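Shown below: data.cif, with mmCIF, N, CA and C atoms.
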```cif
data_coords
loop_
_atom_site.label_atom_id
_atom_site.label_comp_id
_atom_site.auth_asym_id
_atom_site.auth_seq_id
_atom_site.Cartn_x
_atom_site.Cartn_y
_atom_site.Cartn_z
N GLN A 23 117.38 86.44 94.16
CA GLN A 23 116.96 87.15 95.36
C GLN A 23 116.71 88.62 95.03
N VAL A 24 115.62 89.16 95.54
CA VAL A 24 115.28 90.57 95.34
C VAL A 24 115.12 91.21 96.71
N LEU A 25 115.77 92.33 96.91
CA LEU A 25 115.65 93.10 98.15
C LEU A 25 114.83 94.35 97.86
N LEU A 26 113.84 94.60 98.71
CA LEU A 26 112.96 95.75 98.54
C LEU A 26 113.06 96.65 99.77
N VAL A 27 113.24 97.92 99.55
CA VAL A 27 113.35 98.88 100.65
C VAL A 27 112.35 100.01 100.41
N GLU A 28 111.42 100.16 101.35
CA GLU A 28 110.41 101.20 101.24
C GLU A 28 110.84 102.45 102.01
N SER A 29 110.32 103.58 101.59
CA SER A 29 110.53 104.83 102.32
C SER A 29 109.37 105.76 102.03
N GLY A 30 109.23 106.79 102.87
CA GLY A 30 108.25 107.84 102.61
C GLY A 30 107.03 107.84 103.50
N GLY A 31 106.92 106.88 104.40
CA GLY A 31 105.78 106.87 105.30
C GLY A 31 105.88 107.97 106.34
N GLY A 32 104.80 108.14 107.10
CA GLY A 32 104.81 109.14 108.14
C GLY A 32 103.42 109.52 108.58
N LEU A 33 103.33 110.61 109.30
CA LEU A 33 102.06 111.11 109.82
C LEU A 33 101.58 112.24 108.92
N VAL A 34 100.32 112.18 108.52
CA VAL A 34 99.75 113.21 107.66
C VAL A 34 98.32 113.46 108.09
N GLN A 35 97.86 114.68 107.90
CA GLN A 35 96.48 115.01 108.26
C GLN A 35 95.51 114.52 107.19
N PRO A 36 94.27 114.28 107.55
CA PRO A 36 93.27 113.91 106.55
C PRO A 36 93.21 114.94 105.43
N GLY A 37 93.13 114.44 104.20
CA GLY A 37 93.15 115.31 103.03
C GLY A 37 94.54 115.59 102.49
N GLY A 38 95.55 115.18 103.23
CA GLY A 38 96.92 115.43 102.82
C GLY A 38 97.44 114.40 101.83
N SER A 39 98.73 114.54 101.49
CA SER A 39 99.36 113.66 100.50
C SER A 39 100.68 113.13 101.03
N LEU A 40 101.04 111.97 100.53
CA LEU A 40 102.34 111.37 100.79
C LEU A 40 102.77 110.62 99.54
N ARG A 41 104.07 110.47 99.36
CA ARG A 41 104.57 109.63 98.28
C ARG A 41 105.50 108.58 98.87
N LEU A 42 105.16 107.34 98.62
CA LEU A 42 106.00 106.22 99.05
C LEU A 42 106.90 105.80 97.90
N SER A 43 108.09 105.36 98.27
CA SER A 43 109.05 104.85 97.29
C SER A 43 109.47 103.44 97.68
N CYS A 44 109.77 102.65 96.67
CA CYS A 44 110.28 101.29 96.90
C CYS A 44 111.41 101.05 95.92
N ALA A 45 112.59 100.82 96.45
CA ALA A 45 113.76 100.55 95.62
C ALA A 45 114.08 99.07 95.65
N ALA A 46 114.19 98.47 94.48
CA ALA A 46 114.52 97.05 94.37
C ALA A 46 115.98 96.89 93.99
N SER A 47 116.60 95.86 94.54
CA SER A 47 117.97 95.52 94.18
C SER A 47 118.10 94.02 94.12
N GLY A 48 119.22 93.57 93.57
CA GLY A 48 119.42 92.13 93.42
C GLY A 48 119.04 91.69 92.02
N SER A 49 118.27 90.64 91.92
CA SER A 49 117.88 90.07 90.61
C SER A 49 116.71 90.82 90.01
N ILE A 50 116.89 92.12 89.77
CA ILE A 50 115.76 92.94 89.30
C ILE A 50 115.35 92.57 87.88
N PHE A 51 116.25 91.90 87.13
CA PHE A 51 115.91 91.51 85.77
C PHE A 51 114.77 90.49 85.75
N SER A 52 114.56 89.81 86.87
CA SER A 52 113.54 88.75 86.94
C SER A 52 112.18 89.27 87.39
N ILE A 53 112.10 90.56 87.71
CA ILE A 53 110.84 91.11 88.22
C ILE A 53 109.85 91.29 87.08
N LYS A 54 108.64 90.75 87.24
CA LYS A 54 107.60 90.93 86.23
C LYS A 54 106.53 91.92 86.67
N SER A 55 106.42 92.14 87.97
CA SER A 55 105.50 93.14 88.47
C SER A 55 105.90 93.56 89.87
N MET A 56 105.53 94.78 90.23
CA MET A 56 105.74 95.27 91.58
C MET A 56 104.45 95.92 92.05
N GLY A 57 104.32 96.02 93.35
CA GLY A 57 103.08 96.59 93.84
C GLY A 57 103.18 97.03 95.28
N TRP A 58 102.07 97.57 95.72
CA TRP A 58 101.93 98.01 97.10
C TRP A 58 100.72 97.31 97.73
N TYR A 59 100.93 96.81 98.93
CA TYR A 59 99.87 96.24 99.73
C TYR A 59 99.87 96.98 101.06
N ARG A 60 98.80 96.86 101.79
CA ARG A 60 98.75 97.49 103.11
C ARG A 60 98.04 96.60 104.11
N GLN A 61 98.39 96.80 105.37
CA GLN A 61 97.77 96.03 106.44
C GLN A 61 97.48 96.96 107.60
N ALA A 62 96.21 97.13 107.87
CA ALA A 62 95.78 97.95 109.00
C ALA A 62 95.70 97.08 110.25
N PRO A 63 95.77 97.68 111.42
CA PRO A 63 95.70 96.89 112.67
C PRO A 63 94.44 96.02 112.72
N GLY A 64 94.64 94.74 112.99
CA GLY A 64 93.52 93.83 113.11
C GLY A 64 92.91 93.38 111.80
N LYS A 65 93.51 93.77 110.69
CA LYS A 65 92.96 93.41 109.39
C LYS A 65 93.98 92.63 108.57
N GLU A 66 93.48 91.99 107.52
CA GLU A 66 94.37 91.24 106.64
C GLU A 66 95.07 92.20 105.67
N ARG A 67 96.21 91.73 105.16
CA ARG A 67 96.91 92.51 104.16
C ARG A 67 96.08 92.56 102.88
N GLU A 68 96.01 93.74 102.27
CA GLU A 68 95.20 93.90 101.07
C GLU A 68 95.97 94.62 99.98
N LEU A 69 95.57 94.32 98.75
CA LEU A 69 96.19 94.95 97.59
C LEU A 69 95.84 96.43 97.54
N VAL A 70 96.84 97.25 97.21
CA VAL A 70 96.58 98.67 96.96
C VAL A 70 96.71 98.95 95.47
N ALA A 71 97.86 98.63 94.90
CA ALA A 71 98.08 98.89 93.48
C ALA A 71 99.26 98.08 92.99
N THR A 72 99.24 97.74 91.69
CA THR A 72 100.35 97.02 91.10
C THR A 72 100.71 97.63 89.75
N ILE A 73 101.94 97.37 89.31
CA ILE A 73 102.39 97.81 87.99
C ILE A 73 103.27 96.71 87.41
N THR A 74 103.02 96.36 86.15
CA THR A 74 103.80 95.30 85.53
C THR A 74 105.05 95.88 84.87
N SER A 75 105.93 94.98 84.43
CA SER A 75 107.14 95.43 83.73
C SER A 75 106.79 96.15 82.44
N GLY A 76 105.60 95.87 81.90
CA GLY A 76 105.16 96.54 80.69
C GLY A 76 104.47 97.86 80.96
N GLY A 77 104.26 98.18 82.25
CA GLY A 77 103.66 99.47 82.60
C GLY A 77 102.17 99.43 82.88
N SER A 78 101.55 98.27 82.78
CA SER A 78 100.11 98.18 83.08
C SER A 78 99.89 98.29 84.58
N THR A 79 98.87 99.02 84.95
CA THR A 79 98.60 99.24 86.37
C THR A 79 97.23 98.71 86.76
N ASN A 80 97.11 98.45 88.04
CA ASN A 80 95.85 97.99 88.62
C ASN A 80 95.79 98.56 90.04
N SER A 81 94.59 98.93 90.48
CA SER A 81 94.47 99.45 91.84
C SER A 81 93.15 99.04 92.45
N ALA A 82 93.12 99.04 93.77
CA ALA A 82 91.91 98.69 94.50
C ALA A 82 90.86 99.79 94.32
N ASP A 83 89.61 99.39 94.35
CA ASP A 83 88.52 100.37 94.20
C ASP A 83 88.58 101.45 95.27
N SER A 84 89.04 101.07 96.46
CA SER A 84 89.05 102.01 97.58
C SER A 84 90.04 103.15 97.41
N VAL A 85 90.99 103.00 96.49
CA VAL A 85 92.00 104.05 96.30
C VAL A 85 91.95 104.67 94.91
N LYS A 86 91.09 104.15 94.04
CA LYS A 86 91.01 104.69 92.68
C LYS A 86 90.67 106.18 92.73
N GLY A 87 91.39 106.94 91.92
CA GLY A 87 91.18 108.38 91.88
C GLY A 87 91.94 109.14 92.94
N ARG A 88 92.50 108.43 93.91
CA ARG A 88 93.28 109.10 94.97
C ARG A 88 94.75 108.68 94.97
N PHE A 89 95.02 107.41 94.71
CA PHE A 89 96.38 106.89 94.71
C PHE A 89 96.82 106.57 93.29
N MET A 90 98.09 106.75 93.01
CA MET A 90 98.62 106.39 91.70
C MET A 90 99.97 105.71 91.85
N ILE A 91 100.11 104.56 91.22
CA ILE A 91 101.39 103.85 91.22
C ILE A 91 102.14 104.20 89.96
N SER A 92 103.45 104.36 90.08
CA SER A 92 104.27 104.66 88.92
C SER A 92 105.66 104.08 89.16
N ARG A 93 106.49 104.17 88.14
CA ARG A 93 107.85 103.64 88.30
C ARG A 93 108.84 104.57 87.64
N ASP A 94 110.09 104.41 88.02
CA ASP A 94 111.18 105.15 87.43
C ASP A 94 111.50 104.45 86.11
N ASN A 95 111.15 105.06 85.00
CA ASN A 95 111.32 104.39 83.70
C ASN A 95 112.79 104.26 83.30
N ALA A 96 113.62 105.10 83.86
CA ALA A 96 115.03 105.02 83.53
C ALA A 96 115.68 103.85 84.27
N ALA A 97 115.48 103.83 85.55
CA ALA A 97 116.12 102.80 86.37
C ALA A 97 115.31 101.52 86.40
N LYS A 98 113.98 101.63 86.30
CA LYS A 98 113.07 100.48 86.32
C LYS A 98 113.22 99.63 87.56
N ASN A 99 113.86 100.14 88.59
CA ASN A 99 113.95 99.36 89.82
C ASN A 99 113.33 100.08 91.00
N THR A 100 112.61 101.17 90.73
CA THR A 100 111.97 101.94 91.78
C THR A 100 110.52 102.19 91.40
N VAL A 101 109.62 101.90 92.33
CA VAL A 101 108.21 102.21 92.12
C VAL A 101 107.77 103.19 93.19
N TYR A 102 106.76 103.96 92.84
CA TYR A 102 106.25 104.99 93.73
C TYR A 102 104.75 104.79 93.93
N LEU A 103 104.27 105.26 95.06
CA LEU A 103 102.84 105.30 95.29
C LEU A 103 102.52 106.72 95.76
N GLN A 104 101.91 107.48 94.86
CA GLN A 104 101.47 108.83 95.21
C GLN A 104 100.09 108.73 95.82
N MET A 105 99.97 109.17 97.05
CA MET A 105 98.71 109.07 97.79
C MET A 105 98.17 110.45 98.07
N ASN A 106 97.02 110.75 97.52
CA ASN A 106 96.37 112.05 97.71
C ASN A 106 95.04 111.86 98.42
N SER A 107 94.51 112.96 98.94
CA SER A 107 93.22 112.94 99.62
C SER A 107 93.16 111.81 100.65
N LEU A 108 94.19 111.72 101.46
CA LEU A 108 94.28 110.62 102.43
C LEU A 108 93.17 110.69 103.47
N LYS A 109 92.72 109.51 103.86
CA LYS A 109 91.65 109.37 104.85
C LYS A 109 92.18 108.59 106.05
N PRO A 110 91.56 108.75 107.20
CA PRO A 110 92.01 107.97 108.37
C PRO A 110 92.01 106.47 108.10
N GLU A 111 91.09 106.00 107.28
CA GLU A 111 91.04 104.56 106.99
C GLU A 111 92.18 104.09 106.09
N ASP A 112 92.99 105.03 105.60
CA ASP A 112 94.19 104.64 104.85
C ASP A 112 95.35 104.33 105.78
N THR A 113 95.17 104.56 107.07
CA THR A 113 96.22 104.26 108.04
C THR A 113 96.54 102.78 108.03
N ALA A 114 97.82 102.46 107.83
CA ALA A 114 98.25 101.07 107.72
C ALA A 114 99.76 101.02 107.55
N VAL A 115 100.30 99.82 107.65
CA VAL A 115 101.67 99.58 107.22
C VAL A 115 101.60 99.23 105.74
N TYR A 116 102.35 99.95 104.94
CA TYR A 116 102.36 99.74 103.50
C TYR A 116 103.60 98.93 103.13
N TYR A 117 103.36 97.85 102.39
CA TYR A 117 104.42 96.93 102.00
C TYR A 117 104.62 96.96 100.49
N CYS A 118 105.87 96.99 100.09
CA CYS A 118 106.21 96.85 98.68
C CYS A 118 106.37 95.36 98.37
N ASN A 119 105.98 95.00 97.17
CA ASN A 119 106.00 93.60 96.76
C ASN A 119 106.57 93.49 95.35
N ALA A 120 107.26 92.39 95.10
CA ALA A 120 107.74 92.12 93.75
C ALA A 120 107.48 90.66 93.42
N ASP A 121 106.92 90.43 92.25
CA ASP A 121 106.72 89.07 91.74
C ASP A 121 107.69 88.85 90.59
N THR A 122 108.31 87.68 90.55
CA THR A 122 109.33 87.43 89.55
C THR A 122 108.89 86.38 88.54
N THR A 123 109.65 86.28 87.47
CA THR A 123 109.38 85.29 86.43
C THR A 123 109.60 83.88 86.92
N LEU A 124 110.25 83.73 88.06
CA LEU A 124 110.46 82.41 88.66
C LEU A 124 109.36 82.08 89.66
N SER A 125 108.26 82.84 89.60
CA SER A 125 107.10 82.63 90.49
C SER A 125 107.47 82.80 91.96
N ARG A 126 108.39 83.68 92.24
CA ARG A 126 108.73 83.99 93.62
C ARG A 126 108.17 85.36 93.97
N ARG A 127 107.81 85.52 95.21
CA ARG A 127 107.25 86.78 95.70
C ARG A 127 108.14 87.30 96.82
N TYR A 128 108.48 88.56 96.74
CA TYR A 128 109.31 89.19 97.74
C TYR A 128 108.56 90.35 98.37
N TRP A 129 108.89 90.62 99.63
CA TRP A 129 108.25 91.70 100.37
C TRP A 129 109.29 92.59 101.02
N GLY A 130 108.97 93.89 101.09
CA GLY A 130 109.77 94.79 101.89
C GLY A 130 109.34 94.69 103.35
N LYS A 131 110.01 95.45 104.20
CA LYS A 131 109.70 95.39 105.63
C LYS A 131 108.52 96.27 106.01
N GLY A 132 108.13 97.15 105.10
CA GLY A 132 106.96 97.97 105.34
C GLY A 132 107.30 99.36 105.86
N THR A 133 106.38 100.28 105.58
CA THR A 133 106.52 101.64 106.09
C THR A 133 105.14 102.09 106.60
N LEU A 134 105.13 102.71 107.77
CA LEU A 134 103.88 103.06 108.42
C LEU A 134 103.36 104.39 107.90
N VAL A 135 102.09 104.39 107.53
CA VAL A 135 101.38 105.62 107.15
C VAL A 135 100.26 105.83 108.15
N THR A 136 100.28 106.98 108.80
CA THR A 136 99.24 107.31 109.77
C THR A 136 98.53 108.57 109.32
N VAL A 137 97.22 108.48 109.15
CA VAL A 137 96.42 109.62 108.74
C VAL A 137 95.56 110.04 109.93
N SER A 138 95.90 111.17 110.50
CA SER A 138 95.22 111.60 111.72
C SER A 138 95.38 113.10 111.90
N SER A 139 94.37 113.70 112.49
CA SER A 139 94.47 115.12 112.81
C SER A 139 94.98 115.32 114.24
#
```

Go ahead and render the structure in this file as structure tokens.
Amino acid sequence: QVLLVESGGGLVQPGGSLRLSCAASGSIFSIKSMGWYRQAPGKERELVATITSGGSTNSADSVKGRFMISRDNAAKNTVYLQMNSLKPEDTAVYYCNADTTLSRRYWGKGTLVTVSS
């Protein structure tokens, strides 16, 4: 079992920045990748960015050059999403995700990001 807790969401003006954090606990030794997804009102959940246990990253075209996923290399149980140049269309609930070597997927409860003036 893996427990994921997100933090760092909030209200920010267009062009601003936020950093989201996701702390994993439980069977963290089984995690092979972690990532961030988001779901805007009336839309399906979509991939934002992922990072593997080896450090390889992937991100959606819509956030390339603006968002960066990283992890705490010491603890290896915390991932971050640095979001810069935020746009109103980035408004969504952001969910942390972990995929394990046992082919299980876990989700956090989500944190709301609102980009508005």

Check which residues satisfy the PyMOL selection byres ((chain A and resi 23) around 5) in the file shown, then give them as a PyMOL selection string. chain A and resi 24-25+48-49

Can you turn the PyMOL selection byres ((chain A and resi 107-111) around 6) into a concrete residue list for this file, as a PyMOL selection string? chain A and resi 35-39+88+105-106+112-113+137-138

On this structure, the PyMOL selection byres ((chain A and resi 90) around 5) would catch which residues? List them as a PyMOL selection string, sorted by chain and number. chain A and resi 88-89+91-92+103-104

Please, what distance in Å, to one decimal, runs between atom C of Ala82 in chain A and atom C of Val70 in chain A?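 Calculated distance between atom C of Ala82 in chain A and atom C of Val70 in chain A is 6.0 Å.
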
In Å to one decimal, how far is atom N of Asn99 in chain A from atom C of Val34 in chain A?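 A separation of 28.3 Å between them.
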
Excluding same-chain residues fewer than 4 positions from Gly31 in chain A, what lies within 6.5 Å of it counting only N, CA and C atoms, as a VMD selection string? chain A and resid 41 to 43 133 to 136

Choose the residue, out of A:Thr100, A:Lys131, A:Arg126, A:Tyr116, that has the smallest atom-to-atom separation from Tyr59 in chain A; count all atoms listed in the file. A:Tyr116

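Summary of the local environment: counting only N, CA and C atoms, residues at most 7 Å from Thr72 in chain A, other than itself and those fewer than 5 positions away along its chain, are Ser55, Met56, Gly57, Trp58, Ser78, Thr79, Asn80, Ser81, Ala82 and Ile91 of chain A.
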
Please determine, counting only C-alpha atoms, which residue among A:Val101, A:Val27, A:Ala45, A:Val85 has the shortest atom-to-atom distance to Arg60 in chain A.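 Under the stated criterion, the closest residue is A:Val85.
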
State, in Å with one decimal place, the distance from atom N of Arg93 in chain A to atom C of Phe51 in chain A.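 Between atom N of Arg93 in chain A and atom C of Phe51 in chain A the gap is 16.2 Å.
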
Counting only C-alpha atoms, figure out which residue out of A:Gly77, A:Arg67, A:Ser47, A:Gly130 gets nearest to Cys118 in chain A. A:Gly130

Some atoms are missing, so please complete range 94-108 of chain A with N, CA, C and O atoms and return it as a PDB file, in the coordinates of the input.
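Written output follows (rebuild.pdb):
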```pdb
ATOM      1  N   ASP A  94     110.090 104.410  88.020  1.00  0.00           N
ATOM      2  CA  ASP A  94     111.180 105.150  87.430  1.00  0.00           C
ATOM      3  C   ASP A  94     111.500 104.450  86.110  1.00  0.00           C
ATOM      4  O   ASP A  94     112.064 103.365  86.109  1.00  0.00           O
ATOM      5  N   ASN A  95     111.150 105.060  85.000  1.00  0.00           N
ATOM      6  CA  ASN A  95     111.320 104.390  83.700  1.00  0.00           C
ATOM      7  C   ASN A  95     112.790 104.260  83.300  1.00  0.00           C
ATOM      8  O   ASN A  95     113.140 103.404  82.503  1.00  0.00           O
ATOM      9  N   ALA A  96     113.620 105.100  83.860  1.00  0.00           N
ATOM     10  CA  ALA A  96     115.030 105.020  83.530  1.00  0.00           C
ATOM     11  C   ALA A  96     115.680 103.850  84.270  1.00  0.00           C
ATOM     12  O   ALA A  96     116.317 102.991  83.676  1.00  0.00           O
ATOM     13  N   ALA A  97     115.480 103.830  85.550  1.00  0.00           N
ATOM     14  CA  ALA A  97     116.120 102.800  86.370  1.00  0.00           C
ATOM     15  C   ALA A  97     115.310 101.520  86.400  1.00  0.00           C
ATOM     16  O   ALA A  97     115.872 100.429  86.540  1.00  0.00           O
ATOM     17  N   LYS A  98     113.980 101.630  86.300  1.00  0.00           N
ATOM     18  CA  LYS A  98     113.070 100.480  86.320  1.00  0.00           C
ATOM     19  C   LYS A  98     113.220  99.630  87.560  1.00  0.00           C
ATOM     20  O   LYS A  98     112.783  98.485  87.575  1.00  0.00           O
ATOM     21  N   ASN A  99     113.860 100.140  88.590  1.00  0.00           N
ATOM     22  CA  ASN A  99     113.950  99.360  89.820  1.00  0.00           C
ATOM     23  C   ASN A  99     113.330 100.080  91.000  1.00  0.00           C
ATOM     24  O   ASN A  99     113.502  99.666  92.141  1.00  0.00           O
ATOM     25  N   THR A 100     112.610 101.170  90.730  1.00  0.00           N
ATOM     26  CA  THR A 100     111.970 101.940  91.780  1.00  0.00           C
ATOM     27  C   THR A 100     110.520 102.190  91.400  1.00  0.00           C
ATOM     28  O   THR A 100     110.236 102.597  90.275  1.00  0.00           O
ATOM     29  N   VAL A 101     109.620 101.900  92.330  1.00  0.00           N
ATOM     30  CA  VAL A 101     108.210 102.210  92.120  1.00  0.00           C
ATOM     31  C   VAL A 101     107.770 103.190  93.190  1.00  0.00           C
ATOM     32  O   VAL A 101     108.329 103.230  94.295  1.00  0.00           O
ATOM     33  N   TYR A 102     106.760 103.960  92.840  1.00  0.00           N
ATOM     34  CA  TYR A 102     106.250 104.990  93.730  1.00  0.00           C
ATOM     35  C   TYR A 102     104.750 104.790  93.930  1.00  0.00           C
ATOM     36  O   TYR A 102     104.072 104.235  93.066  1.00  0.00           O
ATOM     37  N   LEU A 103     104.270 105.260  95.060  1.00  0.00           N
ATOM     38  CA  LEU A 103     102.840 105.300  95.290  1.00  0.00           C
ATOM     39  C   LEU A 103     102.520 106.720  95.760  1.00  0.00           C
ATOM     40  O   LEU A 103     102.871 107.107  96.872  1.00  0.00           O
ATOM     41  N   GLN A 104     101.910 107.480  94.860  1.00  0.00           N
ATOM     42  CA  GLN A 104     101.470 108.830  95.210  1.00  0.00           C
ATOM     43  C   GLN A 104     100.090 108.730  95.820  1.00  0.00           C
ATOM     44  O   GLN A 104      99.154 108.234  95.175  1.00  0.00           O
ATOM     45  N   MET A 105      99.970 109.170  97.050  1.00  0.00           N
ATOM     46  CA  MET A 105      98.710 109.070  97.790  1.00  0.00           C
ATOM     47  C   MET A 105      98.170 110.450  98.070  1.00  0.00           C
ATOM     48  O   MET A 105      98.822 111.245  98.771  1.00  0.00           O
ATOM     49  N   ASN A 106      97.020 110.750  97.520  1.00  0.00           N
ATOM     50  CA  ASN A 106      96.370 112.050  97.710  1.00  0.00           C
ATOM     51  C   ASN A 106      95.040 111.860  98.420  1.00  0.00           C
ATOM     52  O   ASN A 106      94.498 110.757  98.492  1.00  0.00           O
ATOM     53  N   SER A 107      94.510 112.960  98.940  1.00  0.00           N
ATOM     54  CA  SER A 107      93.220 112.940  99.620  1.00  0.00           C
ATOM     55  C   SER A 107      93.160 111.810 100.650  1.00  0.00           C
ATOM     56  O   SER A 107      92.197 111.036 100.700  1.00  0.00           O
ATOM     57  N   LEU A 108      94.190 111.720 101.460  1.00  0.00           N
ATOM     58  CA  LEU A 108      94.280 110.620 102.430  1.00  0.00           C
ATOM     59  C   LEU A 108      93.170 110.690 103.470  1.00  0.00           C
ATOM     60  O   LEU A 108      92.759 111.782 103.901  1.00  0.00           O
TER      61      LEU A 108
END
```
